[in-house]
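Below is the file protein.txt, which contains compact mmCIF, C-alpha atoms.
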```txt
# COMPACT_ATOMS: atom_id res chain seq x y z
CA MET A 1 -2.51 -3.93 -7.73
CA ALA A 2 -3.28 -2.79 -4.26
CA THR A 3 -2.63 -5.02 -1.32
CA MET A 4 -5.70 -6.08 0.65
CA ILE A 5 -6.33 -7.45 4.12
CA THR A 6 -8.39 -10.62 4.28
CA SER A 7 -10.99 -11.61 6.86
CA GLU A 8 -8.31 -13.68 8.65
CA CYS A 9 -7.04 -10.39 10.14
CA ILE A 10 -6.66 -10.65 13.94
CA ASN A 11 -6.65 -6.85 14.41
CA CYS A 12 -3.14 -6.84 15.88
CA GLY A 13 -2.30 -3.53 14.17
CA ALA A 14 1.24 -4.53 13.20
CA CYS A 15 0.68 -3.44 9.61
CA GLU A 16 -0.62 0.09 10.14
CA PRO A 17 2.61 1.85 11.22
CA GLU A 18 4.60 0.10 8.47
CA CYS A 19 2.70 1.70 5.58
CA PRO A 20 4.67 4.59 4.04
CA ASN A 21 1.45 5.94 2.51
CA THR A 22 -0.86 5.83 5.55
CA ALA A 23 -3.14 3.59 3.47
CA ILE A 24 -3.98 1.22 6.34
CA TYR A 25 -6.75 1.98 8.82
CA GLN A 26 -8.32 0.20 11.75
CA GLY A 27 -11.79 -1.14 11.11
CA GLY A 28 -14.50 1.44 11.72
CA VAL A 29 -12.13 4.39 11.29
CA GLU A 30 -12.76 6.90 8.50
CA TRP A 31 -9.91 7.28 6.03
CA THR A 32 -8.29 10.49 4.90
CA ALA A 33 -7.71 11.18 1.21
CA PRO A 34 -4.55 13.00 0.07
CA ASP A 35 -6.64 16.19 -0.32
CA GLY A 36 -7.67 15.95 3.35
CA SER A 37 -11.26 14.86 2.72
CA MET A 38 -12.68 12.18 4.96
CA HIS A 39 -14.33 8.98 3.71
CA PRO A 40 -16.32 6.23 5.42
CA PRO A 41 -14.44 3.13 6.54
CA LEU A 42 -14.03 0.34 3.99
CA SER A 43 -14.46 -2.18 6.81
CA ASN A 44 -15.97 -1.93 10.25
CA ASP A 45 -14.51 -5.17 11.59
CA ILE A 46 -10.87 -5.48 10.56
CA PHE A 47 -7.98 -3.32 9.42
CA TYR A 48 -8.26 -2.33 5.77
CA ILE A 49 -6.12 -0.83 3.01
CA VAL A 50 -7.36 2.07 0.88
CA PRO A 51 -6.52 1.08 -2.73
CA GLU A 52 -6.23 4.72 -3.84
CA LYS A 53 -3.36 5.18 -1.38
CA CYS A 54 -1.62 1.80 -1.72
CA THR A 55 1.54 1.65 -3.84
CA GLU A 56 2.53 -1.87 -2.77
CA CYS A 57 5.50 0.00 -1.27
CA VAL A 58 6.93 0.67 -4.77
CA GLY A 59 9.43 3.47 -4.32
CA PHE A 60 10.06 2.44 -0.71
CA HIS A 61 10.77 -1.31 -0.45
CA ASP A 62 11.17 -4.45 -2.55
CA HIS A 63 8.24 -5.97 -0.64
CA GLU A 64 4.91 -4.94 0.80
CA ALA A 65 5.82 -3.78 4.31
CA CYS A 66 2.40 -4.72 5.72
CA ALA A 67 2.72 -8.29 4.46
CA ALA A 68 6.22 -8.59 5.89
CA VAL A 69 5.02 -7.92 9.46
CA CYS A 70 1.62 -9.63 9.37
CA PRO A 71 1.65 -12.58 11.78
CA VAL A 72 -1.22 -14.37 10.00
CA ASP A 73 -0.31 -13.59 6.37
CA CYS A 74 -3.57 -11.81 5.62
CA CYS A 75 -2.03 -8.91 3.65
CA ILE A 76 -2.18 -10.21 0.10
CA PRO A 77 -2.34 -8.85 -3.46
CA ASP A 78 -5.87 -7.83 -4.42
CA PRO A 79 -6.73 -9.83 -7.57
CA ASN A 80 -9.51 -7.34 -8.37
CA ASN A 81 -7.16 -4.35 -8.39
CA LEU A 82 -4.24 -5.09 -10.71
CA GLU A 83 -1.91 -2.17 -11.39
CA PRO A 84 1.48 -2.02 -13.14
CA GLU A 85 4.65 -0.76 -11.52
CA ASP A 86 4.59 2.59 -13.34
CA VAL A 87 1.10 3.41 -12.03
CA LEU A 88 2.16 2.55 -8.48
CA LEU A 89 5.29 4.70 -8.77
CA GLN A 90 3.24 7.62 -10.12
CA ARG A 91 0.86 7.25 -7.17
CA ALA A 92 3.79 7.26 -4.75
CA GLN A 93 5.02 10.52 -6.29
CA LYS A 94 1.56 12.10 -5.99
CA LEU A 95 1.24 10.98 -2.37
CA HIS A 96 4.75 12.20 -1.53
CA PRO A 97 5.43 15.32 -3.65
CA GLU A 98 8.33 16.28 -1.36
CA LYS A 99 10.20 13.04 -2.14
CA VAL A 100 12.23 12.51 -5.30
CA PHE A 101 11.66 9.06 -6.77
CA PRO A 102 13.90 7.67 -9.51
CA ALA A 103 12.42 7.42 -13.00
CA LEU A 104 10.84 4.04 -13.69
CA ALA A 105 13.72 2.98 -15.97
CA GLU A 106 16.20 3.82 -13.21
CA LEU A 107 14.27 2.42 -10.25
CA PRO A 108 16.63 0.13 -8.30
CA ALA A 109 15.65 -3.37 -7.20
CA HIS A 110 15.45 -2.43 -3.53
CA LEU A 111 12.59 0.03 -4.27
CA SER A 112 10.12 -2.29 -6.00
CA ARG A 113 9.01 -5.90 -5.75
CA PHE A 114 8.75 -5.84 -9.56
CA ARG A 115 12.55 -5.57 -9.69
CA ARG A 116 13.35 -8.61 -7.53
CA PRO A 117 15.22 -11.39 -9.31
CA ALA A 118 13.03 -14.36 -10.16
CA ALA A 119 13.29 -17.14 -7.60
```

Can you present the structure in this file as structure tokens?
Amino acid sequence: MATMITSECINCGACEPECPNTAIYQGGVEWTAPDGSMHPPLSNDIFYIVPEKCTECVGFHDHEACAAVCPVDCCIPDPNNLEPEDVLLQRAQKLHPEKVFPALAELPAHLSRFRRPAA
């Protein structure tokens, strides 16, 4: 699932530089697809996350980096966009063809929230 930013966003911008996929944009700003094409903003008022570019930081962290720095906890899982770990890892590889990601079966715990021990 992609992470989303709720209307509680205070537009602080803390999340944007943390995204390894450049999936987060300021409200009103067009977003850039991996092929370089430009698209209209998904929100005009608050920061937003482009689902097609969000990997929930799989391949990079064991947590969503945007959620970790959000002071108002408005970066949350999008219940309308559920995706399994393998799809997110494949997206990460497509977005970062220069990076070598481990195979899903060999993905270490520190590279995916799906691999964290149950609390």

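Across the structure, atom CA of A:Pro77 and atom CA of A:His61 are spaced 15.4 Å apart.
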
Inset, instruction - For A:Leu104, work out the shell of residues within 9 Å, counting only C-alpha atoms and skipping chain neighbours fewer than 5 positions away, then give it as a PyMOL selection string. - result: chain A and resi 85-86+89

Inset, instruction - Would you mind telling me which residue in A:Asn81, A:Val69, A:Cys74, A:Gly59 lies nearest to A:Ser112 when using all atoms listed in the file? - result: A:Gly59

Legend entry - Counting only C-alpha atoms, the residue of A:Val87, A:Lys94, A:Pro71, A:Asp62 that sits nearest A:Leu111: A:Asp62

Legend entry - Spatial sel., origin (-2.5, -13.9, 3.8), limit 10 Å, all atoms listed in the file, listed as a PyMOL selection string: chain A and resi 4-9+67+70-77

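Closest to A:Gly27 among A:Phe101, A:Phe114, A:Phe60, A:Tyr48 is A:Tyr48, based on all atoms listed in the file.
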
Inset, instruction - Identify, on the basis of all atoms listed in the file, every residue whose closest approach to A:Tyr25 does not exceed 8 Å; exclude the query and any residue fewer than 3 positions from it along the same chain; express the result as a PyMOL selection string. - result: chain A and resi 16+22+29-31+47-50
